[in-house]
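S.K.: Just protein_29.cif, nothing more (mmCIF, C-alpha atoms):
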data_run
#
loop_
_atom_site.label_atom_id
_atom_site.label_comp_id
_atom_site.auth_asym_id
_atom_site.auth_seq_id
_atom_site.Cartn_x
_atom_site.Cartn_y
_atom_site.Cartn_z
CA MET N 21 241.93 211.04 187.12
CA ALA N 22 244.13 208.07 187.94
CA GLU N 23 244.56 207.38 191.61
CA SER N 24 248.09 208.02 192.81
CA ARG N 25 249.77 205.37 194.89
CA VAL N 26 252.53 206.05 197.38
CA SER N 27 254.62 203.09 198.43
CA THR N 28 255.50 202.95 202.10
CA PRO N 29 258.28 200.94 203.71
CA LEU N 30 257.22 197.63 205.24
CA PRO N 31 257.12 197.89 209.06
CA LEU N 32 260.12 196.31 210.73
CA TYR N 33 258.14 193.64 212.58
CA LEU N 34 256.61 192.47 209.28
CA ARG N 35 260.10 192.19 207.76
CA VAL N 36 261.25 190.11 210.73
CA ALA N 37 258.13 187.93 210.54
CA ALA N 38 258.60 187.42 206.79
CA SER N 39 262.20 186.28 207.28
CA LEU N 40 261.26 183.87 210.07
CA ARG N 41 258.32 182.61 208.02
CA ASP N 42 260.73 181.83 205.20
CA ASP N 43 263.00 179.96 207.64
CA LEU N 44 260.03 177.87 208.76
CA ALA N 45 258.79 177.23 205.22
CA HIS N 46 262.18 175.99 204.02
CA ARG N 47 262.79 173.97 207.20
CA ARG N 48 265.82 176.03 208.21
CA ILE N 49 263.94 175.91 211.50
CA ALA N 50 262.64 172.36 211.76
CA PRO N 51 259.10 171.59 213.00
CA GLY N 52 259.18 171.37 216.78
CA ALA N 53 262.59 173.08 217.00
CA ARG N 54 263.18 175.94 219.37
CA LEU N 55 263.63 179.39 217.80
CA PRO N 56 266.58 181.58 218.82
CA SER N 57 266.00 183.78 221.83
CA GLU N 58 264.45 187.25 221.47
CA ARG N 59 267.86 188.76 222.21
CA SER N 60 269.53 186.68 219.48
CA LEU N 61 266.83 187.59 216.98
CA ALA N 62 267.09 191.26 217.88
CA ILE N 63 270.84 191.13 217.20
CA ARG N 64 270.33 189.18 213.94
CA PHE N 65 267.79 191.62 212.53
CA ARG N 66 269.26 194.76 214.16
CA VAL N 67 265.98 195.69 215.80
CA ASN N 68 264.79 196.06 219.38
CA ARG N 69 263.22 193.22 221.31
CA GLN N 70 259.73 194.74 221.12
CA THR N 71 259.91 194.47 217.32
CA VAL N 72 260.87 190.81 217.69
CA ARG N 73 257.96 190.23 220.09
CA SER N 74 255.53 191.78 217.60
CA ALA N 75 256.85 189.53 214.83
CA LEU N 76 256.55 186.42 217.00
CA GLN N 77 253.04 187.41 218.03
CA LEU N 78 252.05 187.56 214.36
CA LEU N 79 253.54 184.12 213.73
CA ARG N 80 251.66 182.77 216.76
CA GLN N 81 248.41 184.14 215.32
CA GLU N 82 249.21 182.36 212.07
CA GLY N 83 249.73 179.11 213.94
CA LEU N 84 253.37 178.81 212.82
CA VAL N 85 254.99 179.01 216.26
CA ALA N 86 253.96 178.39 219.85
CA THR N 87 255.43 179.97 222.97
CA GLU N 88 255.76 178.26 226.35
CA ARG N 89 257.90 178.71 229.44
CA ARG N 90 260.93 177.11 227.75
CA GLY N 91 260.79 179.44 224.74
CA THR N 92 259.20 179.70 221.31
CA PHE N 93 259.01 176.62 219.09
CA ALA N 94 258.11 175.95 215.46
CA ALA N 95 254.66 174.38 215.37
CA ALA N 96 254.89 170.71 214.56
CA GLY N 97 251.67 170.81 212.54
CA ALA N 98 252.13 174.20 210.92
CA VAL N 99 250.50 174.77 207.56
CA ASP N 100 252.80 174.25 204.57
CA ILE N 101 253.47 177.77 203.32
CA SER N 102 256.43 176.98 201.09
CA GLY N 103 254.32 176.30 198.04
CA GLY N 104 251.05 178.01 198.86
CA PRO N 105 247.97 176.32 200.24
CA VAL N 106 247.40 172.60 200.05
CA LEU N 107 244.20 172.21 198.04
CA VAL N 108 241.92 169.38 199.09
CA PRO N 109 238.56 168.15 197.81
CA ALA N 110 235.63 170.15 199.14
CA PRO N 111 233.18 168.19 201.30
CA ALA N 112 229.75 167.16 200.13
CA GLY N 113 227.05 169.81 199.85
CA ILE N 114 225.81 171.30 203.09
CA ALA N 115 222.22 171.87 204.01
CA GLY N 116 220.94 175.41 204.09
CA PRO N 117 218.02 177.66 203.23
CA ALA N 118 216.78 177.48 199.66
CA GLY N 119 218.57 180.05 197.53
CA ALA N 120 221.30 180.69 200.09
CA ALA N 121 224.34 182.36 198.58
CA ASP N 122 227.01 179.80 199.40
CA PHE N 123 230.56 181.14 199.29
CA PRO N 124 232.23 181.75 196.92
CA CYS N 125 230.07 181.06 193.84
CA GLY N 126 226.58 180.19 195.06
CA PRO N 127 224.62 176.93 195.36
CA VAL N 128 225.71 175.85 191.88
CA THR N 129 229.08 174.86 193.35
CA ALA N 130 227.52 172.13 195.51
CA SER N 131 227.37 169.82 192.50
CA LEU N 132 230.93 170.49 191.34
CA ASP N 133 234.09 168.69 192.41
CA ALA N 134 235.88 171.74 193.75
CA VAL N 135 239.20 171.76 195.57
CA THR N 136 239.72 174.33 198.28
CA GLY N 137 242.36 175.48 200.72
CA VAL N 138 243.19 178.21 203.20
CA CYS N 139 246.56 179.61 204.16
CA TRP N 140 248.23 182.75 205.45
CA GLU N 141 249.73 184.85 202.67
CA PRO N 142 251.17 188.36 202.49
CA VAL N 143 248.64 190.75 200.94
CA PRO N 144 249.87 193.05 198.13
CA ALA N 145 249.79 196.81 198.65
CA GLY N 146 246.68 197.38 196.50
CA PRO N 147 244.14 195.25 198.41
CA ALA N 148 245.98 195.50 201.75
CA GLY N 149 244.87 199.06 202.47
CA ARG N 150 241.24 198.26 201.72
CA LEU N 151 241.43 195.26 204.08
CA GLY N 152 242.86 197.29 206.96
CA LEU N 153 246.30 195.72 206.62
CA ALA N 154 249.81 197.02 206.06
CA ALA N 155 251.32 196.21 202.67
CA GLY N 156 252.88 192.77 202.89
CA GLU N 157 251.08 191.84 206.11
CA PRO N 158 249.69 188.28 205.88
CA SER N 159 246.04 187.46 206.28
CA LEU N 160 243.74 184.50 205.82
CA VAL N 161 243.40 183.65 202.12
CA HIS N 162 240.94 181.17 200.63
CA HIS N 163 241.66 179.40 197.33
CA TYR N 164 238.98 177.66 195.32
CA ARG N 165 239.28 175.79 192.03
CA VAL N 166 237.10 173.52 189.92
CA PRO N 167 239.38 171.42 187.69
CA GLY N 168 238.28 170.10 184.33
CA PRO N 169 239.67 167.53 181.89
CA ARG N 170 243.27 167.69 180.66
CA GLY N 171 244.37 170.39 183.08
CA ALA N 172 241.42 172.68 182.48
CA VAL N 173 240.26 175.14 185.13
CA LEU N 174 236.50 175.64 184.96
CA GLN N 175 236.16 177.99 187.92
CA GLU N 176 238.62 179.55 190.33
CA ALA N 177 238.48 182.14 193.08
CA LEU N 178 240.88 183.91 195.42
CA THR N 179 239.52 185.57 198.57
CA ARG N 180 241.41 187.73 201.04
CA PHE N 181 239.86 188.52 204.42
CA SER N 182 240.19 191.77 206.32
CA ARG N 183 241.41 192.30 209.83
CA HIS N 184 237.86 193.34 210.75
CA ALA N 185 236.34 190.10 209.41
CA LEU N 186 238.76 187.98 211.44
CA ALA N 187 237.90 189.97 214.55
CA GLU N 188 234.12 189.87 214.10
CA VAL N 189 233.38 186.39 212.71
CA PRO N 190 234.20 183.63 215.26
CA GLU N 191 234.43 180.87 212.65
CA LEU N 192 237.14 182.82 210.80
CA ALA N 193 238.91 183.83 213.99
CA ARG N 194 239.32 180.17 214.95
CA LEU N 195 241.36 179.61 211.79
CA ARG N 196 244.09 181.79 213.29
CA ARG N 197 244.91 178.98 215.73
CA THR N 198 246.39 175.80 214.32
CA ALA N 199 244.85 173.63 217.05
CA ASP N 200 241.35 174.71 216.02
CA ARG N 201 241.96 174.66 212.27
CA PRO N 202 240.18 171.73 210.58
CA ALA N 203 242.10 169.82 207.94
CA ASP N 204 239.59 170.94 205.32
CA PRO N 205 237.71 174.05 206.46
CA ASP N 206 234.43 174.39 204.60
CA LEU N 207 233.79 178.10 204.13
CA ARG N 208 230.65 177.81 202.04
CA PRO N 209 228.45 179.00 204.97
CA LEU N 210 230.62 182.14 205.21
CA TYR N 211 227.88 184.69 204.53
CA ARG N 212 225.60 182.99 207.03
CA TRP N 213 228.39 183.14 209.60
CA MET N 214 228.75 186.86 208.95
CA ARG N 215 225.04 187.52 209.36
CA ARG N 216 224.99 185.38 212.50
CA ALA N 217 227.73 187.66 213.90
CA GLY N 218 225.31 190.61 213.51
CA LEU N 219 226.77 191.95 210.26
CA ARG N 220 224.49 193.26 207.51
CA LEU N 221 226.21 192.64 204.21
CA THR N 222 226.51 194.72 201.08
CA ARG N 223 228.03 192.93 198.10
CA ARG N 224 229.37 195.01 195.22
CA GLU N 225 230.48 193.06 192.16
CA SER N 226 232.17 194.21 188.98
CA ILE N 227 231.89 191.84 186.02
CA GLY N 228 234.18 191.75 183.01
CA VAL N 229 235.73 189.48 180.40
CA GLY N 230 239.40 188.50 180.18
CA THR N 231 241.64 185.87 178.66
CA GLY N 232 244.06 183.37 180.08
CA ILE N 233 242.06 180.78 182.00
CA ARG N 234 243.23 177.26 181.20
CA THR N 235 240.94 175.02 179.22
CA GLY N 236 241.17 171.48 177.94
CA THR N 237 242.36 172.73 174.56
CA GLY N 238 245.11 175.03 175.80
CA THR N 239 245.57 178.48 177.32
CA GLY N 240 244.34 181.91 176.44
CA ALA N 241 240.61 181.13 176.35
CA ALA N 242 238.17 183.88 177.31
CA PHE N 243 236.72 183.86 180.83
CA LEU N 244 234.14 185.76 182.82
CA SER N 245 235.72 187.67 185.71
CA VAL N 246 233.98 188.95 188.82
CA HIS N 247 235.53 191.20 191.45
CA ARG N 248 233.52 191.14 194.69
CA GLU N 249 233.76 193.46 197.67
CA VAL N 250 231.71 192.67 200.77
CA ARG N 251 231.14 195.37 203.41
CA ASP N 252 229.22 195.46 206.66
CA GLN N 253 226.65 198.04 207.79
CA HIS N 254 229.43 200.33 209.05
CA GLY N 255 231.31 200.36 205.76
CA HIS N 256 234.09 198.02 206.88
CA VAL N 257 235.44 195.80 204.11
CA LEU N 258 235.11 192.15 205.15
CA GLU N 259 236.54 190.35 202.12
CA LEU N 260 237.71 190.83 198.56
CA THR N 261 237.13 188.00 196.10
CA ASP N 262 238.28 187.62 192.52
CA LEU N 263 236.49 184.90 190.55
CA ARG N 264 237.07 183.55 187.06
CA PHE N 265 234.77 181.25 185.10
CA ALA N 266 235.19 179.37 181.85
CA PRO N 267 232.37 180.44 179.46
CA ASP N 268 230.35 177.24 179.82
CA HIS N 269 230.69 177.20 183.64
CA ALA N 270 229.76 180.79 184.40
CA GLY N 271 226.60 180.21 186.40
CA LEU N 272 226.18 182.63 189.31
CA THR N 273 223.42 182.77 191.90
CA TYR N 274 223.01 186.00 193.83
CA GLU N 275 221.32 186.74 197.12
CA PHE N 276 221.20 190.32 198.35
CA THR N 277 220.08 190.74 201.95
CA GLY N 278 220.46 193.31 204.65
#
Can you present the structure in this file as structure tokens?
M.R.:
Amino acid sequence: MAESRVSTPLPLYLRVAASLRDDLAHRRIAPGARLPSERSLAIRFRVNRQTVRSALQLLRQEGLVATERRGTFAAAGAVDISGGPVLVPAPAGIAGPAGAADFPCGPVTASLDAVTGVCWEPVPAGPAGRLGLAAGEPSLVHHYRVPGPRGAVLQEALTRFSRHALAEVPELARLRRTADRPADPDLRPLYRWMRRAGLRLTRRESIGVGTGIRTGTGTGAAFLSVHREVRDQHGHVLELTDLRFAPDHAGLTYEFTG
């Protein structure tokens, strides 16, 4: 039987945050500029001041604004959210135990010239509920891509992290604060970070075949797809990852540990 889905209205504070995020992305509020007062924002959005405070708190967690005694200001070094994440070359391979399951695709990725990036993006209704988020609420999202010749994409992955993962894993939690966010965060030790935080991981992966990944000869080529769900020992979802591989770059290395 197909699962029924009931759409629910987006909470008011998320609507306010989304509108302000758009203002910041399109420089209607310039970097370093002071935001309107809580009272002015409450009048603009026709909400109470507590709703405005909740929206600003979310933007502070995303590193997009900072509040001080003089008011709330657009972060001068805020991540560029107008066009998605800025992808940068991944650093050289990191040392680790033999056979360690480096995120997102395993040790095989250490020899590939991947580009990676993290940003805060609204999560669609489908995965949001499984991640402990409201539909449209932003969370940390990791993008990974291995480019090939002539615009080809050999491997790509999209990972969304849950509220629980950000609360439990210190290395992820630090990415909520712009001041602590490295220019190129290397998340390949992710599963080691999770285990170091006392989490025992269960990885469930569904593998299929689709079409549409770009290749050097055009679009529409077949690809291997993997949908991964990682849970802790209490059943909390930590992350959801969707991977796609071109047929000749579909190497996966698995490590299943408690």
S.K.: Find the residues near N:Ala187: any atom within 12 Å, counting only C-alpha atoms, skip ones fewer than 3 places away on the same chain, and give them as a PDB file with C-alpha atoms, in the coordinates of the input.
M.R.:
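Output file result02.pdb follows:
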ATOM      1  CA  GLY N 152     242.860 197.290 206.960  1.00  0.00           C
ATOM      2  CA  SER N 159     246.040 187.460 206.280  1.00  0.00           C
ATOM      3  CA  LEU N 160     243.740 184.500 205.820  1.00  0.00           C
ATOM      4  CA  PHE N 181     239.860 188.520 204.420  1.00  0.00           C
ATOM      5  CA  SER N 182     240.190 191.770 206.320  1.00  0.00           C
ATOM      6  CA  ARG N 183     241.410 192.300 209.830  1.00  0.00           C
ATOM      7  CA  HIS N 184     237.860 193.340 210.750  1.00  0.00           C
ATOM      8  CA  PRO N 190     234.200 183.630 215.260  1.00  0.00           C
ATOM      9  CA  GLU N 191     234.430 180.870 212.650  1.00  0.00           C
ATOM     10  CA  LEU N 192     237.140 182.820 210.800  1.00  0.00           C
ATOM     11  CA  ALA N 193     238.910 183.830 213.990  1.00  0.00           C
ATOM     12  CA  ARG N 194     239.320 180.170 214.950  1.00  0.00           C
ATOM     13  CA  LEU N 195     241.360 179.610 211.790  1.00  0.00           C
ATOM     14  CA  ARG N 196     244.090 181.790 213.290  1.00  0.00           C
ATOM     15  CA  MET N 214     228.750 186.860 208.950  1.00  0.00           C
ATOM     16  CA  ALA N 217     227.730 187.660 213.900  1.00  0.00           C
ATOM     17  CA  HIS N 256     234.090 198.020 206.880  1.00  0.00           C
ATOM     18  CA  LEU N 258     235.110 192.150 205.150  1.00  0.00           C
TER      19      LEU N 258
END
S.K.: How many Å separate atom CA of N:Arg220 from atom CA of N:Val166?
M.R.: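 That distance, rounded to one decimal, is 29.3 Å.
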S.K.: Pick out the closest residue to N:Arg80 from this set: N:Trp213, N:Phe93, N:Phe123, N:Tyr33. Count all atoms listed in the file.
M.R.: N:Phe93
S.K.: Check the smallest atom-to-atom distance from each of N:Val229, N:Arg248, N:Ala45, N:Thr261 to N:His163 using only C-alpha atoms, then report the winner.
M.R.: N:Thr261
S.K.: Atom CA of N:Leu55 to atom CA of N:Ala86: how many Å, to one decimal?
M.R.: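 Atom-to-atom, atom CA of N:Leu55 and atom CA of N:Ala86 are spaced 9.9 Å apart.
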S.K.: Which residues fall under the PyMOL selection byres ((chain N and resi 65) around 12) in this file, as JSON, numbers by chain?
M.R.: {"N": [32, 33, 34, 35, 36, 37, 38, 39, 40, 56, 58, 59, 60, 61, 62, 63, 64, 66, 67, 68, 69, 71, 72, 75]}
S.K.: Would you translate the PyMOL selection byres ((chain N and resi 246) around 6) into the concrete set of residues it matches in this file, as a list in words?
M.R.: Ser226, Ile227, Ser245, His247, Asp262 and Leu263 of chain N
S.K.: Any idea what the distance is between atom CA of N:Trp140 and atom CA of N:Pro158?
M.R.: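 So the answer is 5.7 Å.
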S.K.: Please identify all polymer residues lying at most 6 Å from the point (257.6, 173.1, 213.8) (file coordinates), using all atoms listed in the file, and present the result as a list in words.
M.R.: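 Output of the proximity query reads Ala50, Pro51, Gly52, Ala53, Ala94, Ala95 and Ala96 of chain N.
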